[in-house]
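What follows is the content of query-v2.cif, which has mmCIF, N, CA and C atoms, pLDDT in the B column; chains and numbers go by the auth columns:
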data_model
loop_
_atom_site.group_PDB
_atom_site.id
_atom_site.type_symbol
_atom_site.label_atom_id
_atom_site.label_comp_id
_atom_site.label_asym_id
_atom_site.label_seq_id
_atom_site.Cartn_x
_atom_site.Cartn_y
_atom_site.Cartn_z
_atom_site.B_iso_or_equiv
_atom_site.auth_seq_id
_atom_site.auth_asym_id
ATOM 1 N N MET A 1 -19.905 -0.230 -2.083 89.00 1 A
ATOM 2 C CA MET A 1 -19.444 1.054 -2.594 89.00 1 A
ATOM 3 C C MET A 1 -18.732 0.836 -3.931 89.00 1 A
ATOM 4 N N ASN A 2 -18.935 1.768 -4.852 96.00 2 A
ATOM 5 C CA ASN A 2 -18.286 1.688 -6.152 96.00 2 A
ATOM 6 C C ASN A 2 -16.835 2.129 -6.058 96.00 2 A
ATOM 7 N N PHE A 3 -15.996 1.527 -6.908 98.00 3 A
ATOM 8 C CA PHE A 3 -14.584 1.904 -6.961 98.00 3 A
ATOM 9 C C PHE A 3 -14.069 1.718 -8.375 98.00 3 A
ATOM 10 N N ASP A 4 -12.938 2.353 -8.660 98.00 4 A
ATOM 11 C CA ASP A 4 -12.369 2.332 -10.007 98.00 4 A
ATOM 12 C C ASP A 4 -11.225 1.332 -10.164 98.00 4 A
ATOM 13 N N ASP A 5 -10.581 0.982 -9.069 98.00 5 A
ATOM 14 C CA ASP A 5 -9.482 0.024 -9.111 98.00 5 A
ATOM 15 C C ASP A 5 -9.455 -0.722 -7.786 98.00 5 A
ATOM 16 N N HIS A 6 -8.840 -1.876 -7.792 97.00 6 A
ATOM 17 C CA HIS A 6 -8.849 -2.769 -6.641 97.00 6 A
ATOM 18 C C HIS A 6 -7.428 -3.264 -6.375 97.00 6 A
ATOM 19 N N LEU A 7 -7.045 -3.308 -5.117 98.00 7 A
ATOM 20 C CA LEU A 7 -5.730 -3.815 -4.723 98.00 7 A
ATOM 21 C C LEU A 7 -5.903 -4.808 -3.588 98.00 7 A
ATOM 22 N N ASP A 8 -5.441 -6.021 -3.801 98.00 8 A
ATOM 23 C CA ASP A 8 -5.477 -7.057 -2.771 98.00 8 A
ATOM 24 C C ASP A 8 -4.125 -7.068 -2.072 98.00 8 A
ATOM 25 N N ALA A 9 -4.087 -6.530 -0.849 98.00 9 A
ATOM 26 C CA ALA A 9 -2.850 -6.496 -0.063 98.00 9 A
ATOM 27 C C ALA A 9 -2.946 -7.449 1.128 98.00 9 A
ATOM 28 N N LEU A 10 -3.812 -8.450 1.014 98.00 10 A
ATOM 29 C CA LEU A 10 -3.968 -9.410 2.097 98.00 10 A
ATOM 30 C C LEU A 10 -2.661 -10.182 2.286 98.00 10 A
ATOM 31 N N GLY A 11 -2.259 -10.333 3.537 98.00 11 A
ATOM 32 C CA GLY A 11 -1.030 -11.047 3.856 98.00 11 A
ATOM 33 C C GLY A 11 0.204 -10.169 3.881 98.00 11 A
ATOM 34 N N ALA A 12 0.111 -8.951 3.374 98.00 12 A
ATOM 35 C CA ALA A 12 1.254 -8.031 3.357 98.00 12 A
ATOM 36 C C ALA A 12 1.287 -7.234 4.663 98.00 12 A
ATOM 37 N N LEU A 13 2.472 -7.049 5.193 97.00 13 A
ATOM 38 C CA LEU A 13 2.643 -6.315 6.445 97.00 13 A
ATOM 39 C C LEU A 13 3.163 -4.912 6.176 97.00 13 A
ATOM 40 N N CYS A 14 2.944 -4.035 7.142 94.00 14 A
ATOM 41 C CA CYS A 14 3.378 -2.640 7.096 94.00 14 A
ATOM 42 C C CYS A 14 4.851 -2.576 6.720 94.00 14 A
ATOM 43 N N PRO A 15 5.213 -1.724 5.818 95.00 15 A
ATOM 44 C CA PRO A 15 4.461 -0.670 5.117 95.00 15 A
ATOM 45 C C PRO A 15 3.981 -1.073 3.723 95.00 15 A
ATOM 46 N N ILE A 16 4.057 -2.360 3.387 97.00 16 A
ATOM 47 C CA ILE A 16 3.773 -2.807 2.022 97.00 16 A
ATOM 48 C C ILE A 16 2.374 -2.425 1.518 97.00 16 A
ATOM 49 N N PRO A 17 1.286 -2.604 2.295 98.00 17 A
ATOM 50 C CA PRO A 17 -0.023 -2.216 1.754 98.00 17 A
ATOM 51 C C PRO A 17 -0.101 -0.743 1.335 98.00 17 A
ATOM 52 N N VAL A 18 0.474 0.134 2.140 98.00 18 A
ATOM 53 C CA VAL A 18 0.451 1.563 1.806 98.00 18 A
ATOM 54 C C VAL A 18 1.325 1.853 0.594 98.00 18 A
ATOM 55 N N LEU A 19 2.486 1.228 0.522 97.00 19 A
ATOM 56 C CA LEU A 19 3.371 1.455 -0.623 97.00 19 A
ATOM 57 C C LEU A 19 2.740 0.966 -1.921 97.00 19 A
ATOM 58 N N LYS A 20 2.076 -0.186 -1.876 98.00 20 A
ATOM 59 C CA LYS A 20 1.384 -0.688 -3.065 98.00 20 A
ATOM 60 C C LYS A 20 0.225 0.233 -3.444 98.00 20 A
ATOM 61 N N ALA A 21 -0.495 0.725 -2.456 98.00 21 A
ATOM 62 C CA ALA A 21 -1.605 1.643 -2.723 98.00 21 A
ATOM 63 C C ALA A 21 -1.091 2.935 -3.348 98.00 21 A
ATOM 64 N N GLN A 22 0.005 3.444 -2.830 98.00 22 A
ATOM 65 C CA GLN A 22 0.584 4.673 -3.373 98.00 22 A
ATOM 66 C C GLN A 22 0.936 4.493 -4.845 98.00 22 A
ATOM 67 N N LYS A 23 1.529 3.364 -5.176 98.00 23 A
ATOM 68 C CA LYS A 23 1.897 3.085 -6.562 98.00 23 A
ATOM 69 C C LYS A 23 0.655 2.962 -7.442 98.00 23 A
ATOM 70 N N ARG A 24 -0.378 2.279 -6.956 98.00 24 A
ATOM 71 C CA ARG A 24 -1.601 2.077 -7.731 98.00 24 A
ATOM 72 C C ARG A 24 -2.344 3.391 -7.931 98.00 24 A
ATOM 73 N N LEU A 25 -2.335 4.262 -6.928 98.00 25 A
ATOM 74 C CA LEU A 25 -3.030 5.550 -7.038 98.00 25 A
ATOM 75 C C LEU A 25 -2.431 6.430 -8.128 98.00 25 A
ATOM 76 N N LYS A 26 -1.161 6.258 -8.442 97.00 26 A
ATOM 77 C CA LYS A 26 -0.518 7.059 -9.484 97.00 26 A
ATOM 78 C C LYS A 26 -1.188 6.853 -10.842 97.00 26 A
ATOM 79 N N ASN A 27 -1.795 5.672 -11.030 96.00 27 A
ATOM 80 C CA ASN A 27 -2.440 5.361 -12.308 96.00 27 A
ATOM 81 C C ASN A 27 -3.886 5.835 -12.379 96.00 27 A
ATOM 82 N N LEU A 28 -4.421 6.349 -11.278 98.00 28 A
ATOM 83 C CA LEU A 28 -5.810 6.802 -11.253 98.00 28 A
ATOM 84 C C LEU A 28 -5.887 8.303 -11.494 98.00 28 A
ATOM 85 N N ASN A 29 -7.040 8.740 -11.958 98.00 29 A
ATOM 86 C CA ASN A 29 -7.304 10.159 -12.131 98.00 29 A
ATOM 87 C C ASN A 29 -7.850 10.738 -10.830 98.00 29 A
ATOM 88 N N SER A 30 -7.732 12.030 -10.681 98.00 30 A
ATOM 89 C CA SER A 30 -8.274 12.710 -9.514 98.00 30 A
ATOM 90 C C SER A 30 -9.759 12.402 -9.378 98.00 30 A
ATOM 91 N N GLY A 31 -10.177 12.046 -8.160 98.00 31 A
ATOM 92 C CA GLY A 31 -11.577 11.736 -7.901 98.00 31 A
ATOM 93 C C GLY A 31 -11.921 10.269 -8.037 98.00 31 A
ATOM 94 N N GLU A 32 -11.024 9.472 -8.607 98.00 32 A
ATOM 95 C CA GLU A 32 -11.280 8.043 -8.717 98.00 32 A
ATOM 96 C C GLU A 32 -10.968 7.352 -7.392 98.00 32 A
ATOM 97 N N VAL A 33 -11.583 6.198 -7.179 98.00 33 A
ATOM 98 C CA VAL A 33 -11.487 5.504 -5.896 98.00 33 A
ATOM 99 C C VAL A 33 -10.758 4.176 -6.043 98.00 33 A
ATOM 100 N N LEU A 34 -9.814 3.953 -5.140 98.00 34 A
ATOM 101 C CA LEU A 34 -9.083 2.694 -5.034 98.00 34 A
ATOM 102 C C LEU A 34 -9.607 1.930 -3.826 98.00 34 A
ATOM 103 N N ASN A 35 -9.937 0.661 -4.024 98.00 35 A
ATOM 104 C CA ASN A 35 -10.358 -0.214 -2.931 98.00 35 A
ATOM 105 C C ASN A 35 -9.174 -1.102 -2.564 98.00 35 A
ATOM 106 N N VAL A 36 -8.713 -1.007 -1.330 98.00 36 A
ATOM 107 C CA VAL A 36 -7.589 -1.809 -0.860 98.00 36 A
ATOM 108 C C VAL A 36 -8.081 -2.785 0.199 98.00 36 A
ATOM 109 N N LEU A 37 -7.783 -4.071 -0.007 98.00 37 A
ATOM 110 C CA LEU A 37 -8.070 -5.087 0.995 98.00 37 A
ATOM 111 C C LEU A 37 -6.796 -5.324 1.791 98.00 37 A
ATOM 112 N N ALA A 38 -6.886 -5.220 3.116 98.00 38 A
ATOM 113 C CA ALA A 38 -5.715 -5.406 3.964 98.00 38 A
ATOM 114 C C ALA A 38 -6.119 -6.089 5.266 98.00 38 A
ATOM 115 N N ASP A 39 -5.239 -6.986 5.723 98.00 39 A
ATOM 116 C CA ASP A 39 -5.484 -7.665 6.989 98.00 39 A
ATOM 117 C C ASP A 39 -4.421 -7.358 8.035 98.00 39 A
ATOM 118 N N ASP A 40 -3.492 -6.486 7.720 97.00 40 A
ATOM 119 C CA ASP A 40 -2.479 -6.055 8.686 97.00 40 A
ATOM 120 C C ASP A 40 -3.150 -5.109 9.684 97.00 40 A
ATOM 121 N N PRO A 41 -3.083 -5.406 10.983 96.00 41 A
ATOM 122 C CA PRO A 41 -3.714 -4.531 11.974 96.00 41 A
ATOM 123 C C PRO A 41 -3.228 -3.073 11.893 96.00 41 A
ATOM 124 N N ALA A 42 -1.985 -2.867 11.470 97.00 42 A
ATOM 125 C CA ALA A 42 -1.444 -1.511 11.377 97.00 42 A
ATOM 126 C C ALA A 42 -2.098 -0.698 10.263 97.00 42 A
ATOM 127 N N ALA A 43 -2.764 -1.360 9.317 97.00 43 A
ATOM 128 C CA ALA A 43 -3.396 -0.643 8.199 97.00 43 A
ATOM 129 C C ALA A 43 -4.445 0.347 8.684 97.00 43 A
ATOM 130 N N THR A 44 -5.092 0.038 9.800 97.00 44 A
ATOM 131 C CA THR A 44 -6.110 0.930 10.355 97.00 44 A
ATOM 132 C C THR A 44 -5.512 2.271 10.757 97.00 44 A
ATOM 133 N N ILE A 45 -4.258 2.278 11.107 97.00 45 A
ATOM 134 C CA ILE A 45 -3.543 3.508 11.457 97.00 45 A
ATOM 135 C C ILE A 45 -2.850 4.083 10.221 97.00 45 A
ATOM 136 N N ASP A 46 -2.249 3.199 9.429 97.00 46 A
ATOM 137 C CA ASP A 46 -1.427 3.625 8.302 97.00 46 A
ATOM 138 C C ASP A 46 -2.212 4.330 7.198 97.00 46 A
ATOM 139 N N PHE A 47 -3.371 3.794 6.812 98.00 47 A
ATOM 140 C CA PHE A 47 -4.102 4.395 5.693 98.00 47 A
ATOM 141 C C PHE A 47 -4.659 5.777 6.013 98.00 47 A
ATOM 142 N N PRO A 48 -5.261 6.002 7.183 98.00 48 A
ATOM 143 C CA PRO A 48 -5.684 7.379 7.481 98.00 48 A
ATOM 144 C C PRO A 48 -4.510 8.368 7.491 98.00 48 A
ATOM 145 N N HIS A 49 -3.388 7.931 8.047 98.00 49 A
ATOM 146 C CA HIS A 49 -2.201 8.803 8.091 98.00 49 A
ATOM 147 C C HIS A 49 -1.695 9.075 6.671 98.00 49 A
ATOM 148 N N PHE A 50 -1.600 8.039 5.859 98.00 50 A
ATOM 149 C CA PHE A 50 -1.152 8.176 4.475 98.00 50 A
ATOM 150 C C PHE A 50 -2.047 9.156 3.707 98.00 50 A
ATOM 151 N N CYS A 51 -3.363 8.969 3.827 98.00 51 A
ATOM 152 C CA CYS A 51 -4.292 9.847 3.110 98.00 51 A
ATOM 153 C C CYS A 51 -4.166 11.294 3.571 98.00 51 A
ATOM 154 N N ASN A 52 -4.045 11.494 4.865 98.00 52 A
ATOM 155 C CA ASN A 52 -3.892 12.836 5.412 98.00 52 A
ATOM 156 C C ASN A 52 -2.617 13.497 4.902 98.00 52 A
ATOM 157 N N GLU A 53 -1.535 12.746 4.868 97.00 53 A
ATOM 158 C CA GLU A 53 -0.246 13.291 4.428 97.00 53 A
ATOM 159 C C GLU A 53 -0.217 13.578 2.923 97.00 53 A
ATOM 160 N N GLN A 54 -0.880 12.727 2.134 97.00 54 A
ATOM 161 C CA GLN A 54 -0.818 12.846 0.678 97.00 54 A
ATOM 162 C C GLN A 54 -1.961 13.658 0.085 97.00 54 A
ATOM 163 N N GLY A 55 -2.969 13.992 0.895 98.00 55 A
ATOM 164 C CA GLY A 55 -4.088 14.791 0.400 98.00 55 A
ATOM 165 C C GLY A 55 -5.220 13.975 -0.204 98.00 55 A
ATOM 166 N N HIS A 56 -5.134 12.658 -0.111 98.00 56 A
ATOM 167 C CA HIS A 56 -6.217 11.799 -0.594 98.00 56 A
ATOM 168 C C HIS A 56 -7.317 11.751 0.466 98.00 56 A
ATOM 169 N N THR A 57 -8.484 11.245 0.090 98.00 57 A
ATOM 170 C CA THR A 57 -9.598 11.138 1.020 98.00 57 A
ATOM 171 C C THR A 57 -9.875 9.672 1.314 98.00 57 A
ATOM 172 N N LEU A 58 -9.833 9.309 2.585 98.00 58 A
ATOM 173 C CA LEU A 58 -10.240 7.971 2.995 98.00 58 A
ATOM 174 C C LEU A 58 -11.755 8.017 3.137 98.00 58 A
ATOM 175 N N VAL A 59 -12.445 7.546 2.108 98.00 59 A
ATOM 176 C CA VAL A 59 -13.895 7.684 2.015 98.00 59 A
ATOM 177 C C VAL A 59 -14.601 6.773 3.015 98.00 59 A
ATOM 178 N N LYS A 60 -14.094 5.554 3.133 98.00 60 A
ATOM 179 C CA LYS A 60 -14.801 4.575 3.947 98.00 60 A
ATOM 180 C C LYS A 60 -13.871 3.420 4.304 98.00 60 A
ATOM 181 N N ILE A 61 -14.103 2.841 5.478 98.00 61 A
ATOM 182 C CA ILE A 61 -13.457 1.593 5.871 98.00 61 A
ATOM 183 C C ILE A 61 -14.564 0.590 6.160 98.00 61 A
ATOM 184 N N GLU A 62 -14.546 -0.513 5.452 98.00 62 A
ATOM 185 C CA GLU A 62 -15.519 -1.581 5.694 98.00 62 A
ATOM 186 C C GLU A 62 -14.832 -2.703 6.466 98.00 62 A
ATOM 187 N N GLU A 63 -15.464 -3.135 7.535 97.00 63 A
ATOM 188 C CA GLU A 63 -14.924 -4.219 8.357 97.00 63 A
ATOM 189 C C GLU A 63 -15.497 -5.543 7.882 97.00 63 A
ATOM 190 N N HIS A 64 -14.623 -6.508 7.705 97.00 64 A
ATOM 191 C CA HIS A 64 -15.011 -7.869 7.356 97.00 64 A
ATOM 192 C C HIS A 64 -14.475 -8.787 8.458 97.00 64 A
ATOM 193 N N ASN A 65 -14.722 -10.072 8.356 96.00 65 A
ATOM 194 C CA ASN A 65 -14.295 -10.986 9.418 96.00 65 A
ATOM 195 C C ASN A 65 -12.796 -10.937 9.682 96.00 65 A
ATOM 196 N N ASP A 66 -11.991 -11.103 8.636 96.00 66 A
ATOM 197 C CA ASP A 66 -10.541 -11.212 8.818 96.00 66 A
ATOM 198 C C ASP A 66 -9.742 -10.105 8.141 96.00 66 A
ATOM 199 N N PHE A 67 -10.420 -9.123 7.578 98.00 67 A
ATOM 200 C CA PHE A 67 -9.714 -8.044 6.873 98.00 67 A
ATOM 201 C C PHE A 67 -10.606 -6.811 6.812 98.00 67 A
ATOM 202 N N LYS A 68 -10.028 -5.741 6.277 98.00 68 A
ATOM 203 C CA LYS A 68 -10.773 -4.492 6.075 98.00 68 A
ATOM 204 C C LYS A 68 -10.614 -4.036 4.638 98.00 68 A
ATOM 205 N N SER A 69 -11.627 -3.318 4.155 98.00 69 A
ATOM 206 C CA SER A 69 -11.574 -2.684 2.841 98.00 69 A
ATOM 207 C C SER A 69 -11.440 -1.184 3.053 98.00 69 A
ATOM 208 N N PHE A 70 -10.417 -0.609 2.466 98.00 70 A
ATOM 209 C CA PHE A 70 -10.164 0.825 2.556 98.00 70 A
ATOM 210 C C PHE A 70 -10.476 1.438 1.195 98.00 70 A
ATOM 211 N N PHE A 71 -11.361 2.426 1.173 98.00 71 A
ATOM 212 C CA PHE A 71 -11.738 3.114 -0.052 98.00 71 A
ATOM 213 C C PHE A 71 -11.078 4.488 -0.062 98.00 71 A
ATOM 214 N N ILE A 72 -10.143 4.669 -0.966 98.00 72 A
ATOM 215 C CA ILE A 72 -9.335 5.889 -1.027 98.00 72 A
ATOM 216 C C ILE A 72 -9.638 6.639 -2.309 98.00 72 A
ATOM 217 N N MET A 73 -10.084 7.903 -2.169 98.00 73 A
ATOM 218 C CA MET A 73 -10.315 8.749 -3.341 98.00 73 A
ATOM 219 C C MET A 73 -9.058 9.579 -3.598 98.00 73 A
ATOM 220 N N LYS A 74 -8.562 9.466 -4.825 98.00 74 A
ATOM 221 C CA LYS A 74 -7.353 10.207 -5.181 98.00 74 A
ATOM 222 C C LYS A 74 -7.627 11.705 -5.202 98.00 74 A
ATOM 223 N N LYS A 75 -6.665 12.470 -4.706 97.00 75 A
ATOM 224 C CA LYS A 75 -6.818 13.934 -4.668 97.00 75 A
ATOM 225 C C LYS A 75 -6.863 14.521 -6.055 97.00 75 A
#

Full structure transcribed into structure tokens:
Amino acid sequence: MNFDDHLDALGALCPIPVLKAQKRLKNLNSGEVLNVLADDPAATIDFPHFCNEQGHTLVKIEEHNDFKSFFIMKK
């Protein structure tokens, strides 16, 4: 999937991946996509909740062996 910016949050625990994503999204334009790599098990719960609360769209979650890629479209 195509994206406009990338954030490697591997090794970071809740709430750090979401906080870093929130900061990175501020630099994107509406409709642009941020790809976040996270291996914290809580990210599977945190990112959908974050997107729902902030109005962003969680476009896709890709599962990899030891981590997940979260594709977030800025509102």

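For Ala42 of chain A, the residues within 8 Å (counting only N, CA and C atoms, excluding itself and residues fewer than 5 positions away along the chain) are Leu13, Cys14 and Phe47 of chain A.
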
_Expand the PyMOL selection byres ((chain A and resi 71) around 7) into the explicit residue set it covers here, and present it as a PyMOL selection string._
chain A and resi 33-36+57-62+69-70+72-73

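For Asp8 of chain A, the list of residues within 8 Å, based on all atoms listed in the file and with local chain neighbours fewer than 3 positions off taken out, reads A:Asp5, A:Gly11, A:Ala12, A:Pro17, A:Asn35, A:Val36, A:Leu37, A:Ala38, A:Asp39.
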
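Taking atom CA of Phe3 of chain A and atom CA of Glu63 of chain A as endpoints, the distance between them is 16.5 Å.
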
Padded axis-aligned box of segment 17-33 of chain A (8 Å per side), centre and edge lengths, Å, one decimal, as JSON:
{"center_x": -4.3, "center_y": 5.1, "center_z": -5.0, "size_x": 31.3, "size_y": 31.3, "size_z": 30.7}

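What separates atom C of Cys51 of chain A from atom N of Ala21 of chain A is a distance of 12.7 Å.
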
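A distance cut-off of 6.5 Å around (-10.6, 11.6, -7.5), counting only N, CA and C atoms, selects these protein and nucleic acid residues: A:Asn29, A:Ser30, A:Gly31, A:Glu32, A:Val33, A:Met73, A:Lys74, A:Lys75.
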
For the selection you just gave me, I'd like the residues written to a file as a PDB file, in the coordinates of the input, keeping N, CA and C atoms.
ATOM      1  N   ASN A  29      -7.040   8.740 -11.958  1.00 98.00           N
ATOM      2  CA  ASN A  29      -7.304  10.159 -12.131  1.00 98.00           C
ATOM      3  C   ASN A  29      -7.850  10.738 -10.830  1.00 98.00           C
ATOM      4  N   SER A  30      -7.732  12.030 -10.681  1.00 98.00           N
ATOM      5  CA  SER A  30      -8.274  12.710  -9.514  1.00 98.00           C
ATOM      6  C   SER A  30      -9.759  12.402  -9.378  1.00 98.00           C
ATOM      7  N   GLY A  31     -10.177  12.046  -8.160  1.00 98.00           N
ATOM      8  CA  GLY A  31     -11.577  11.736  -7.901  1.00 98.00           C
ATOM      9  C   GLY A  31     -11.921  10.269  -8.037  1.00 98.00           C
ATOM     10  N   GLU A  32     -11.024   9.472  -8.607  1.00 98.00           N
ATOM     11  CA  GLU A  32     -11.280   8.043  -8.717  1.00 98.00           C
ATOM     12  C   GLU A  32     -10.968   7.352  -7.392  1.00 98.00           C
ATOM     13  N   VAL A  33     -11.583   6.198  -7.179  1.00 98.00           N
ATOM     14  CA  VAL A  33     -11.487   5.504  -5.896  1.00 98.00           C
ATOM     15  C   VAL A  33     -10.758   4.176  -6.043  1.00 98.00           C
ATOM     16  N   MET A  73     -10.084   7.903  -2.169  1.00 98.00           N
ATOM     17  CA  MET A  73     -10.315   8.749  -3.341  1.00 98.00           C
ATOM     18  C   MET A  73      -9.058   9.579  -3.598  1.00 98.00           C
ATOM     19  N   LYS A  74      -8.562   9.466  -4.825  1.00 98.00           N
ATOM     20  CA  LYS A  74      -7.353  10.207  -5.181  1.00 98.00           C
ATOM     21  C   LYS A  74      -7.627  11.705  -5.202  1.00 98.00           C
ATOM     22  N   LYS A  75      -6.665  12.470  -4.706  1.00 97.00           N
ATOM     23  CA  LYS A  75      -6.818  13.934  -4.668  1.00 97.00           C
ATOM     24  C   LYS A  75      -6.863  14.521  -6.055  1.00 97.00           C
TER      25      LYS A  75
END

Mind listing the strand (DSSP E or B) residues of chain A, per DSSP on the backbone, as number ranges by chain? A: 5-8, 33-38, 57-63, 68-73

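Atom CA of Phe50 of chain A is found 17.1 Å from atom CA of Asn27 of chain A.
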
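For the residues A:His64, A:Leu28, A:Pro15, A:Lys23, ranking by smallest atom-to-atom distance to Asp46 of chain A using only N, CA and C atoms places A:Pro15 first.
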
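Nearest to Phe67 of chain A of all the residues A:Asn2, A:Lys26, A:Asp40, A:Ile16 is A:Asp40, counting all atoms listed in the file.
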
Got a sec to write segment 2-29 of chain A of the block to a file, N, CA and C atoms, as a PDB file, in the first residue's frame?
ATOM      1  N   ASN A   2       0.453   2.264  -0.732  1.00  0.00           N
ATOM      2  CA  ASN A   2       1.193   3.515  -0.785  1.00  0.00           C
ATOM      3  C   ASN A   2       0.947   4.341   0.467  1.00  0.00           C
ATOM      4  N   PHE A   3       1.970   5.109   0.857  1.00  0.00           N
ATOM      5  CA  PHE A   3       1.843   5.997   2.013  1.00  0.00           C
ATOM      6  C   PHE A   3       2.711   7.222   1.801  1.00  0.00           C
ATOM      7  N   ASP A   4       2.423   8.266   2.569  1.00  0.00           N
ATOM      8  CA  ASP A   4       3.123   9.541   2.416  1.00  0.00           C
ATOM      9  C   ASP A   4       4.225   9.755   3.453  1.00  0.00           C
ATOM     10  N   ASP A   5       4.122   9.083   4.583  1.00  0.00           N
ATOM     11  CA  ASP A   5       5.128   9.207   5.631  1.00  0.00           C
ATOM     12  C   ASP A   5       5.193   7.886   6.382  1.00  0.00           C
ATOM     13  N   HIS A   6       6.294   7.662   7.052  1.00  0.00           N
ATOM     14  CA  HIS A   6       6.563   6.388   7.705  1.00  0.00           C
ATOM     15  C   HIS A   6       7.062   6.646   9.126  1.00  0.00           C
ATOM     16  N   LEU A   7       6.583   5.864  10.070  1.00  0.00           N
ATOM     17  CA  LEU A   7       7.022   5.969  11.462  1.00  0.00           C
ATOM     18  C   LEU A   7       7.365   4.583  11.978  1.00  0.00           C
ATOM     19  N   ASP A   8       8.591   4.415  12.422  1.00  0.00           N
ATOM     20  CA  ASP A   8       9.037   3.154  13.011  1.00  0.00           C
ATOM     21  C   ASP A   8       8.906   3.272  14.522  1.00  0.00           C
ATOM     22  N   ALA A   9       7.883   2.616  15.081  1.00  0.00           N
ATOM     23  CA  ALA A   9       7.657   2.634  16.529  1.00  0.00           C
ATOM     24  C   ALA A   9       7.950   1.261  17.133  1.00  0.00           C
ATOM     25  N   LEU A  10       8.775   0.477  16.446  1.00  0.00           N
ATOM     26  CA  LEU A  10       9.113  -0.847  16.948  1.00  0.00           C
ATOM     27  C   LEU A  10       9.878  -0.711  18.266  1.00  0.00           C
ATOM     28  N   GLY A  11       9.499  -1.527  19.236  1.00  0.00           N
ATOM     29  CA  GLY A  11      10.144  -1.501  20.542  1.00  0.00           C
ATOM     30  C   GLY A  11       9.515  -0.530  21.520  1.00  0.00           C
ATOM     31  N   ALA A  12       8.656   0.359  21.049  1.00  0.00           N
ATOM     32  CA  ALA A  12       7.998   1.337  21.923  1.00  0.00           C
ATOM     33  C   ALA A  12       6.710   0.733  22.485  1.00  0.00           C
ATOM     34  N   LEU A  13       6.459   0.987  23.748  1.00  0.00           N
ATOM     35  CA  LEU A  13       5.268   0.461  24.411  1.00  0.00           C
ATOM     36  C   LEU A  13       4.218   1.549  24.564  1.00  0.00           C
ATOM     37  N   CYS A  14       2.979   1.116  24.734  1.00  0.00           N
ATOM     38  CA  CYS A  14       1.823   1.991  24.922  1.00  0.00           C
ATOM     39  C   CYS A  14       2.125   3.009  26.012  1.00  0.00           C
ATOM     40  N   PRO A  15       1.826   4.247  25.790  1.00  0.00           N
ATOM     41  CA  PRO A  15       1.115   4.891  24.673  1.00  0.00           C
ATOM     42  C   PRO A  15       2.038   5.524  23.633  1.00  0.00           C
ATOM     43  N   ILE A  16       3.336   5.230  23.690  1.00  0.00           N
ATOM     44  CA  ILE A  16       4.310   5.917  22.840  1.00  0.00           C
ATOM     45  C   ILE A  16       4.020   5.797  21.337  1.00  0.00           C
ATOM     46  N   PRO A  17       3.688   4.610  20.789  1.00  0.00           N
ATOM     47  CA  PRO A  17       3.421   4.566  19.345  1.00  0.00           C
ATOM     48  C   PRO A  17       2.299   5.510  18.899  1.00  0.00           C
ATOM     49  N   VAL A  18       1.236   5.578  19.681  1.00  0.00           N
ATOM     50  CA  VAL A  18       0.121   6.466  19.329  1.00  0.00           C
ATOM     51  C   VAL A  18       0.524   7.928  19.469  1.00  0.00           C
ATOM     52  N   LEU A  19       1.258   8.256  20.517  1.00  0.00           N
ATOM     53  CA  LEU A  19       1.687   9.643  20.707  1.00  0.00           C
ATOM     54  C   LEU A  19       2.623  10.094  19.591  1.00  0.00           C
ATOM     55  N   LYS A  20       3.535   9.219  19.175  1.00  0.00           N
ATOM     56  CA  LYS A  20       4.426   9.553  18.062  1.00  0.00           C
ATOM     57  C   LYS A  20       3.635   9.699  16.763  1.00  0.00           C
ATOM     58  N   ALA A  21       2.662   8.835  16.555  1.00  0.00           N
ATOM     59  CA  ALA A  21       1.829   8.920  15.352  1.00  0.00           C
ATOM     60  C   ALA A  21       1.036  10.222  15.342  1.00  0.00           C
ATOM     61  N   GLN A  22       0.494  10.589  16.482  1.00  0.00           N
ATOM     62  CA  GLN A  22      -0.273  11.832  16.576  1.00  0.00           C
ATOM     63  C   GLN A  22       0.595  13.025  16.194  1.00  0.00           C
ATOM     64  N   LYS A  23       1.818  13.046  16.685  1.00  0.00           N
ATOM     65  CA  LYS A  23       2.737  14.137  16.370  1.00  0.00           C
ATOM     66  C   LYS A  23       3.083  14.147  14.882  1.00  0.00           C
ATOM     67  N   ARG A  24       3.334  12.977  14.301  1.00  0.00           N
ATOM     68  CA  ARG A  24       3.705  12.880  12.891  1.00  0.00           C
ATOM     69  C   ARG A  24       2.540  13.270  11.991  1.00  0.00           C
ATOM     70  N   LEU A  25       1.319  12.916  12.378  1.00  0.00           N
ATOM     71  CA  LEU A  25       0.142  13.250  11.568  1.00  0.00           C
ATOM     72  C   LEU A  25      -0.067  14.755  11.457  1.00  0.00           C
ATOM     73  N   LYS A  26       0.390  15.522  12.429  1.00  0.00           N
ATOM     74  CA  LYS A  26       0.235  16.976  12.389  1.00  0.00           C
ATOM     75  C   LYS A  26       0.944  17.582  11.178  1.00  0.00           C
ATOM     76  N   ASN A  27       1.993  16.896  10.702  1.00  0.00           N
ATOM     77  CA  ASN A  27       2.761  17.406   9.564  1.00  0.00           C
ATOM     78  C   ASN A  27       2.189  16.980   8.217  1.00  0.00           C
ATOM     79  N   LEU A  28       1.170  16.130   8.222  1.00  0.00           N
ATOM     80  CA  LEU A  28       0.580  15.650   6.974  1.00  0.00           C
ATOM     81  C   LEU A  28      -0.647  16.475   6.611  1.00  0.00           C
ATOM     82  N   ASN A  29      -0.972  16.468   5.334  1.00  0.00           N
ATOM     83  CA  ASN A  29      -2.181  17.115   4.851  1.00  0.00           C
ATOM     84  C   ASN A  29      -3.349  16.138   4.936  1.00  0.00           C
TER      85      ASN A  29
END
